[in-house]
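Pasting start-v6.cif here (mmCIF, N, CA and C atoms):
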```
data_model
loop_
_atom_site.label_atom_id
_atom_site.label_comp_id
_atom_site.auth_asym_id
_atom_site.auth_seq_id
_atom_site.Cartn_x
_atom_site.Cartn_y
_atom_site.Cartn_z
N MET A 1 89.57 126.20 109.01
CA MET A 1 88.97 125.57 107.84
C MET A 1 90.07 125.22 106.85
N LYS A 2 90.01 124.01 106.34
CA LYS A 2 90.90 123.61 105.25
C LYS A 2 90.25 124.04 103.95
N ARG A 3 91.05 124.68 103.10
CA ARG A 3 90.53 125.15 101.81
C ARG A 3 91.43 124.64 100.71
N CYS A 4 90.82 124.10 99.69
CA CYS A 4 91.53 123.55 98.54
C CYS A 4 90.98 124.21 97.29
N ILE A 5 91.86 124.79 96.49
CA ILE A 5 91.45 125.38 95.22
C ILE A 5 92.09 124.57 94.10
N LEU A 6 91.26 123.90 93.33
CA LEU A 6 91.72 123.09 92.21
C LEU A 6 91.87 124.00 90.99
N ALA A 7 93.08 124.52 90.80
CA ALA A 7 93.31 125.54 89.79
C ALA A 7 93.84 124.99 88.48
N GLY A 8 94.42 123.79 88.48
CA GLY A 8 94.92 123.22 87.24
C GLY A 8 95.90 124.13 86.53
N PRO A 9 96.16 123.92 85.26
CA PRO A 9 95.56 122.85 84.46
C PRO A 9 96.11 121.49 84.87
N TYR A 10 95.32 120.48 84.64
CA TYR A 10 95.67 119.12 85.02
C TYR A 10 95.87 118.26 83.79
N SER A 11 96.94 117.48 83.80
CA SER A 11 97.24 116.61 82.67
C SER A 11 96.50 115.28 82.75
N GLY A 12 96.01 114.95 83.92
CA GLY A 12 95.28 113.71 84.12
C GLY A 12 94.66 113.69 85.51
N ALA A 13 93.85 112.67 85.75
CA ALA A 13 93.17 112.57 87.05
C ALA A 13 94.17 112.46 88.19
N GLU A 14 95.28 111.78 87.97
CA GLU A 14 96.27 111.63 89.03
C GLU A 14 96.78 112.99 89.51
N ALA A 15 96.90 113.94 88.61
CA ALA A 15 97.33 115.29 89.00
C ALA A 15 96.31 115.96 89.91
N VAL A 16 95.04 115.72 89.68
CA VAL A 16 93.99 116.27 90.55
C VAL A 16 94.10 115.62 91.93
N TYR A 17 94.28 114.31 91.98
CA TYR A 17 94.42 113.62 93.27
C TYR A 17 95.64 114.14 94.03
N ILE A 18 96.74 114.35 93.33
CA ILE A 18 97.95 114.86 93.98
C ILE A 18 97.70 116.24 94.57
N ASP A 19 97.00 117.09 93.82
CA ASP A 19 96.70 118.43 94.29
C ASP A 19 95.77 118.38 95.51
N LEU A 20 94.74 117.54 95.46
CA LEU A 20 93.86 117.38 96.62
C LEU A 20 94.65 116.89 97.83
N ALA A 21 95.48 115.89 97.64
CA ALA A 21 96.26 115.33 98.74
C ALA A 21 97.18 116.38 99.36
N ARG A 22 97.84 117.15 98.51
CA ARG A 22 98.77 118.17 98.99
C ARG A 22 98.04 119.26 99.76
N GLN A 23 96.97 119.78 99.19
CA GLN A 23 96.28 120.91 99.80
C GLN A 23 95.49 120.54 101.05
N LEU A 24 94.95 119.33 101.07
CA LEU A 24 94.13 118.92 102.21
C LEU A 24 94.88 118.07 103.23
N GLY A 25 96.14 117.75 102.93
CA GLY A 25 96.91 116.94 103.85
C GLY A 25 96.35 115.53 103.99
N LEU A 26 95.98 114.93 102.86
CA LEU A 26 95.42 113.57 102.91
C LEU A 26 96.48 112.60 103.41
N PRO A 27 96.07 111.56 104.12
CA PRO A 27 97.03 110.62 104.71
C PRO A 27 97.79 109.83 103.64
N GLY A 28 98.94 109.31 104.04
CA GLY A 28 99.79 108.57 103.13
C GLY A 28 99.15 107.35 102.51
N HIS A 29 98.13 106.79 103.15
CA HIS A 29 97.48 105.60 102.60
C HIS A 29 96.44 105.94 101.52
N PHE A 30 96.26 107.26 101.23
CA PHE A 30 95.31 107.66 100.19
C PHE A 30 95.69 107.00 98.87
N GLY A 31 94.73 106.31 98.24
CA GLY A 31 95.01 105.49 97.07
C GLY A 31 94.81 106.14 95.72
N ALA A 32 94.50 107.42 95.65
CA ALA A 32 94.38 108.16 94.39
C ALA A 32 93.40 107.51 93.41
N ASN A 33 92.19 107.24 93.89
CA ASN A 33 91.10 106.78 93.04
C ASN A 33 89.80 107.27 93.68
N LEU A 34 88.70 107.12 92.97
CA LEU A 34 87.44 107.68 93.47
C LEU A 34 87.00 107.09 94.80
N ASP A 35 87.11 105.77 94.95
CA ASP A 35 86.70 105.14 96.21
C ASP A 35 87.56 105.63 97.37
N ALA A 36 88.88 105.70 97.14
CA ALA A 36 89.78 106.17 98.19
C ALA A 36 89.52 107.64 98.51
N LEU A 37 89.21 108.44 97.51
CA LEU A 37 88.91 109.85 97.74
C LEU A 37 87.70 109.98 98.65
N TRP A 38 86.64 109.25 98.35
CA TRP A 38 85.44 109.31 99.17
C TRP A 38 85.74 108.85 100.59
N ASP A 39 86.38 107.67 100.72
CA ASP A 39 86.68 107.13 102.05
C ASP A 39 87.52 108.09 102.87
N THR A 40 88.57 108.63 102.26
CA THR A 40 89.48 109.50 102.98
C THR A 40 88.81 110.80 103.41
N LEU A 41 88.05 111.41 102.51
CA LEU A 41 87.40 112.67 102.86
C LEU A 41 86.28 112.48 103.88
N VAL A 42 85.59 111.35 103.82
CA VAL A 42 84.50 111.11 104.77
C VAL A 42 85.04 110.69 106.14
N LYS A 43 86.11 109.88 106.16
CA LYS A 43 86.54 109.27 107.42
C LYS A 43 87.80 109.84 108.04
N ASP A 44 88.72 110.36 107.23
CA ASP A 44 90.06 110.65 107.74
C ASP A 44 90.43 112.12 107.88
N VAL A 45 89.70 113.01 107.24
CA VAL A 45 90.10 114.42 107.23
C VAL A 45 89.12 115.23 108.07
N PRO A 46 89.61 115.84 109.15
CA PRO A 46 88.71 116.66 109.96
C PRO A 46 88.29 117.92 109.20
N GLY A 47 87.09 118.37 109.47
CA GLY A 47 86.56 119.56 108.83
C GLY A 47 86.69 120.76 109.74
N PRO A 48 86.15 121.84 109.30
CA PRO A 48 85.46 122.04 108.03
C PRO A 48 86.42 122.10 106.84
N ILE A 49 85.88 121.75 105.69
CA ILE A 49 86.64 121.69 104.45
C ILE A 49 85.85 122.42 103.37
N GLU A 50 86.56 123.21 102.58
CA GLU A 50 85.97 123.81 101.39
C GLU A 50 86.85 123.46 100.20
N ILE A 51 86.23 122.91 99.16
CA ILE A 51 86.94 122.57 97.93
C ILE A 51 86.32 123.38 96.81
N VAL A 52 87.15 124.18 96.15
CA VAL A 52 86.70 125.06 95.08
C VAL A 52 87.37 124.64 93.79
N TRP A 53 86.57 124.45 92.74
CA TRP A 53 87.09 124.09 91.42
C TRP A 53 86.59 125.14 90.44
N PRO A 54 87.32 126.28 90.34
CA PRO A 54 86.81 127.41 89.57
C PRO A 54 86.70 127.17 88.07
N ASP A 55 87.58 126.37 87.48
CA ASP A 55 87.52 126.13 86.03
C ASP A 55 87.22 124.66 85.76
N PHE A 56 86.10 124.21 86.29
CA PHE A 56 85.74 122.82 86.06
C PHE A 56 85.51 122.55 84.57
N ALA A 57 84.95 123.51 83.85
CA ALA A 57 84.69 123.32 82.42
C ALA A 57 85.99 123.02 81.68
N GLY A 58 87.06 123.72 82.01
CA GLY A 58 88.35 123.46 81.39
C GLY A 58 88.87 122.08 81.75
N ALA A 59 88.72 121.69 83.01
CA ALA A 59 89.16 120.36 83.44
C ALA A 59 88.34 119.28 82.74
N ARG A 60 87.06 119.52 82.57
CA ARG A 60 86.20 118.53 81.89
C ARG A 60 86.62 118.36 80.44
N ARG A 61 87.01 119.46 79.78
CA ARG A 61 87.49 119.35 78.39
C ARG A 61 88.76 118.52 78.32
N THR A 62 89.63 118.68 79.29
CA THR A 62 90.91 117.97 79.30
C THR A 62 90.78 116.53 79.82
N LEU A 63 90.04 116.36 80.90
CA LEU A 63 90.00 115.08 81.60
C LEU A 63 88.76 114.24 81.31
N GLY A 64 87.74 114.84 80.72
CA GLY A 64 86.53 114.11 80.36
C GLY A 64 85.85 113.47 81.54
N ALA A 65 85.57 112.18 81.39
CA ALA A 65 84.82 111.44 82.41
C ALA A 65 85.54 111.41 83.75
N ALA A 66 86.85 111.48 83.75
CA ALA A 66 87.59 111.49 85.02
C ALA A 66 87.23 112.73 85.84
N ALA A 67 87.13 113.88 85.18
CA ALA A 67 86.73 115.10 85.89
C ALA A 67 85.32 114.97 86.44
N GLU A 68 84.42 114.42 85.64
CA GLU A 68 83.04 114.22 86.09
C GLU A 68 82.98 113.30 87.30
N GLY A 69 83.79 112.25 87.29
CA GLY A 69 83.81 111.32 88.42
C GLY A 69 84.32 111.96 89.69
N ILE A 70 85.38 112.75 89.57
CA ILE A 70 85.92 113.43 90.74
C ILE A 70 84.91 114.44 91.27
N ARG A 71 84.30 115.19 90.37
CA ARG A 71 83.28 116.17 90.79
C ARG A 71 82.14 115.47 91.52
N ALA A 72 81.62 114.40 90.96
CA ALA A 72 80.52 113.68 91.58
C ALA A 72 80.91 113.15 92.96
N THR A 73 82.12 112.64 93.07
CA THR A 73 82.58 112.11 94.36
C THR A 73 82.68 113.22 95.39
N LEU A 74 83.24 114.37 94.99
CA LEU A 74 83.33 115.50 95.91
C LEU A 74 81.95 115.95 96.37
N GLU A 75 80.99 115.98 95.44
CA GLU A 75 79.63 116.38 95.80
C GLU A 75 78.96 115.35 96.71
N GLU A 76 79.26 114.06 96.52
CA GLU A 76 78.73 113.02 97.40
C GLU A 76 79.29 113.17 98.81
N VAL A 77 80.58 113.52 98.91
CA VAL A 77 81.18 113.75 100.22
C VAL A 77 80.48 114.93 100.91
N ALA A 78 80.24 116.00 100.15
CA ALA A 78 79.56 117.17 100.72
C ALA A 78 78.15 116.83 101.18
N ALA A 79 77.48 115.93 100.48
CA ALA A 79 76.14 115.51 100.88
C ALA A 79 76.19 114.66 102.16
N GLU A 80 77.28 113.95 102.35
CA GLU A 80 77.46 113.08 103.51
C GLU A 80 77.89 113.87 104.75
N ARG A 81 78.68 114.90 104.54
CA ARG A 81 79.26 115.67 105.65
C ARG A 81 78.81 117.12 105.59
N PRO A 82 78.10 117.60 106.58
CA PRO A 82 77.65 118.99 106.57
C PRO A 82 78.78 120.00 106.71
N ASP A 83 79.97 119.56 107.12
CA ASP A 83 81.11 120.49 107.27
C ASP A 83 82.02 120.51 106.04
N VAL A 84 81.55 119.94 104.94
CA VAL A 84 82.29 119.98 103.69
C VAL A 84 81.46 120.75 102.66
N ALA A 85 82.11 121.74 102.04
CA ALA A 85 81.47 122.52 100.99
C ALA A 85 82.27 122.33 99.70
N VAL A 86 81.57 122.12 98.61
CA VAL A 86 82.19 122.00 97.30
C VAL A 86 81.60 123.08 96.41
N VAL A 87 82.47 123.88 95.83
CA VAL A 87 82.04 124.98 94.97
C VAL A 87 82.63 124.73 93.58
N ILE A 88 81.74 124.46 92.63
CA ILE A 88 82.16 124.25 91.24
C ILE A 88 81.92 125.57 90.52
N GLY A 89 83.00 126.14 89.94
CA GLY A 89 82.98 127.50 89.41
C GLY A 89 82.15 127.70 88.17
N GLY A 90 82.35 128.73 87.49
CA GLY A 90 81.83 129.17 86.22
C GLY A 90 80.41 128.82 85.81
N ALA A 91 79.87 129.68 84.99
CA ALA A 91 78.49 129.50 84.47
C ALA A 91 78.38 128.28 83.59
N ASN A 92 79.48 127.85 82.96
CA ASN A 92 79.43 126.69 82.07
C ASN A 92 79.57 125.37 82.80
N ASP A 93 79.70 125.42 84.10
CA ASP A 93 79.91 124.20 84.87
C ASP A 93 78.60 123.69 85.39
#
```
Hey, can you dump this file as structure tokens for me?
Amino acid sequence: MKRCILAGPYSGAEAVYIDLARQLGLPGHFGANLDALWDTLVKDVPGPIEIVWPDFAGARRTLGAAAEGIRATLEEVAAERPDVAVVIGGAND
């Protein structure tokens, strides 16, 4: 199982994409945007995959809508693929 823990802190959305790419071994053609994230995780990365974002509330405070977009995309991937699990941490998330 590939496991990715988004621990931050992140200065911007690009830092989250870099962390995802590094931990999950995303291919070199990954374009570091929401559409590319969805395409790559659905089509290019073998599972099972678990993505954990324990301090999403902190990321949301820092990144705002970008964090929400990444979270939504990760959850859409999990809905598309039964071998992908997304765990968003904390009670405030």
Residues within 12 Å of Ala36 in chain A, only C-alpha atoms, excluding chain neighbours under 5 positions, as an NGL selection string: :A and (17 or 21 or 26-31 or 41-44 or 70 or 73-74 or 77)
Residue subset to file, keeping N, CA and C atoms, as a compact mmCIF listing (two decimals), in the coordinates of the input:
```txt
# COMPACT_ATOMS: atom_id res chain seq x y z
N TYR A 17 94.28 114.31 91.98
CA TYR A 17 94.42 113.62 93.27
C TYR A 17 95.64 114.14 94.03
N ALA A 21 95.48 115.89 97.64
CA ALA A 21 96.26 115.33 98.74
C ALA A 21 97.18 116.38 99.36
N LEU A 26 95.98 114.93 102.86
CA LEU A 26 95.42 113.57 102.91
C LEU A 26 96.48 112.60 103.41
N PRO A 27 96.07 111.56 104.12
CA PRO A 27 97.03 110.62 104.71
C PRO A 27 97.79 109.83 103.64
N GLY A 28 98.94 109.31 104.04
CA GLY A 28 99.79 108.57 103.13
C GLY A 28 99.15 107.35 102.51
N HIS A 29 98.13 106.79 103.15
CA HIS A 29 97.48 105.60 102.60
C HIS A 29 96.44 105.94 101.52
N PHE A 30 96.26 107.26 101.23
CA PHE A 30 95.31 107.66 100.19
C PHE A 30 95.69 107.00 98.87
N GLY A 31 94.73 106.31 98.24
CA GLY A 31 95.01 105.49 97.07
C GLY A 31 94.81 106.14 95.72
N LEU A 41 88.05 111.41 102.51
CA LEU A 41 87.40 112.67 102.86
C LEU A 41 86.28 112.48 103.88
N VAL A 42 85.59 111.35 103.82
CA VAL A 42 84.50 111.11 104.77
C VAL A 42 85.04 110.69 106.14
N LYS A 43 86.11 109.88 106.16
CA LYS A 43 86.54 109.27 107.42
C LYS A 43 87.80 109.84 108.04
N ASP A 44 88.72 110.36 107.23
CA ASP A 44 90.06 110.65 107.74
C ASP A 44 90.43 112.12 107.88
N ILE A 70 85.38 112.75 89.57
CA ILE A 70 85.92 113.43 90.74
C ILE A 70 84.91 114.44 91.27
N THR A 73 82.12 112.64 93.07
CA THR A 73 82.58 112.11 94.36
C THR A 73 82.68 113.22 95.39
N LEU A 74 83.24 114.37 94.99
CA LEU A 74 83.33 115.50 95.91
C LEU A 74 81.95 115.95 96.37
N VAL A 77 80.58 113.52 98.91
CA VAL A 77 81.18 113.75 100.22
C VAL A 77 80.48 114.93 100.91
```
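Picture a line from atom N of Leu24 in chain A to atom N of Glu68 in chain A; it runs 19.3 Å.
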Evaluate the PyMOL selection byres ((chain A and resi 52-62) around 7) and report residues as a ChimeraX atom specification: /A:3-7,9-12,50-51,63-65,67-68,85-90,92-93
Å distance separating atom C of Val45 in chain A from atom N of Glu14 in chain A, one decimal place: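 These atoms are spaced 21.3 Å apart.
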Picked from chain A by DSSP as helix (DSSP H, G or I), as a ChimeraX atom specification: /A:13-24,34-43,56-63,65-80
Radius query 6.5 Å about (82.6, 120.6, 110.1), atoms used: only N, CA and C atoms, as a ChimeraX atom specification: /A:46-49,82-84
Distance in Å - CA of Ala78 in chain A versus CA of Met1 in chain A: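 Separation between CA of Ala78 in chain A and CA of Met1 in chain A: 14.5 Å.
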Residues flagged strand (DSSP E or B) by DSSP in chain A, as number ranges by chain: A: 2-5, 49-53, 84-88
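Minimum atom-to-atom distance to Asp39 in chain A, evaluated using only C-alpha atoms, belongs to A:Glu76 out of A:Val16, A:Arg71, A:Lys2, A:Glu76.
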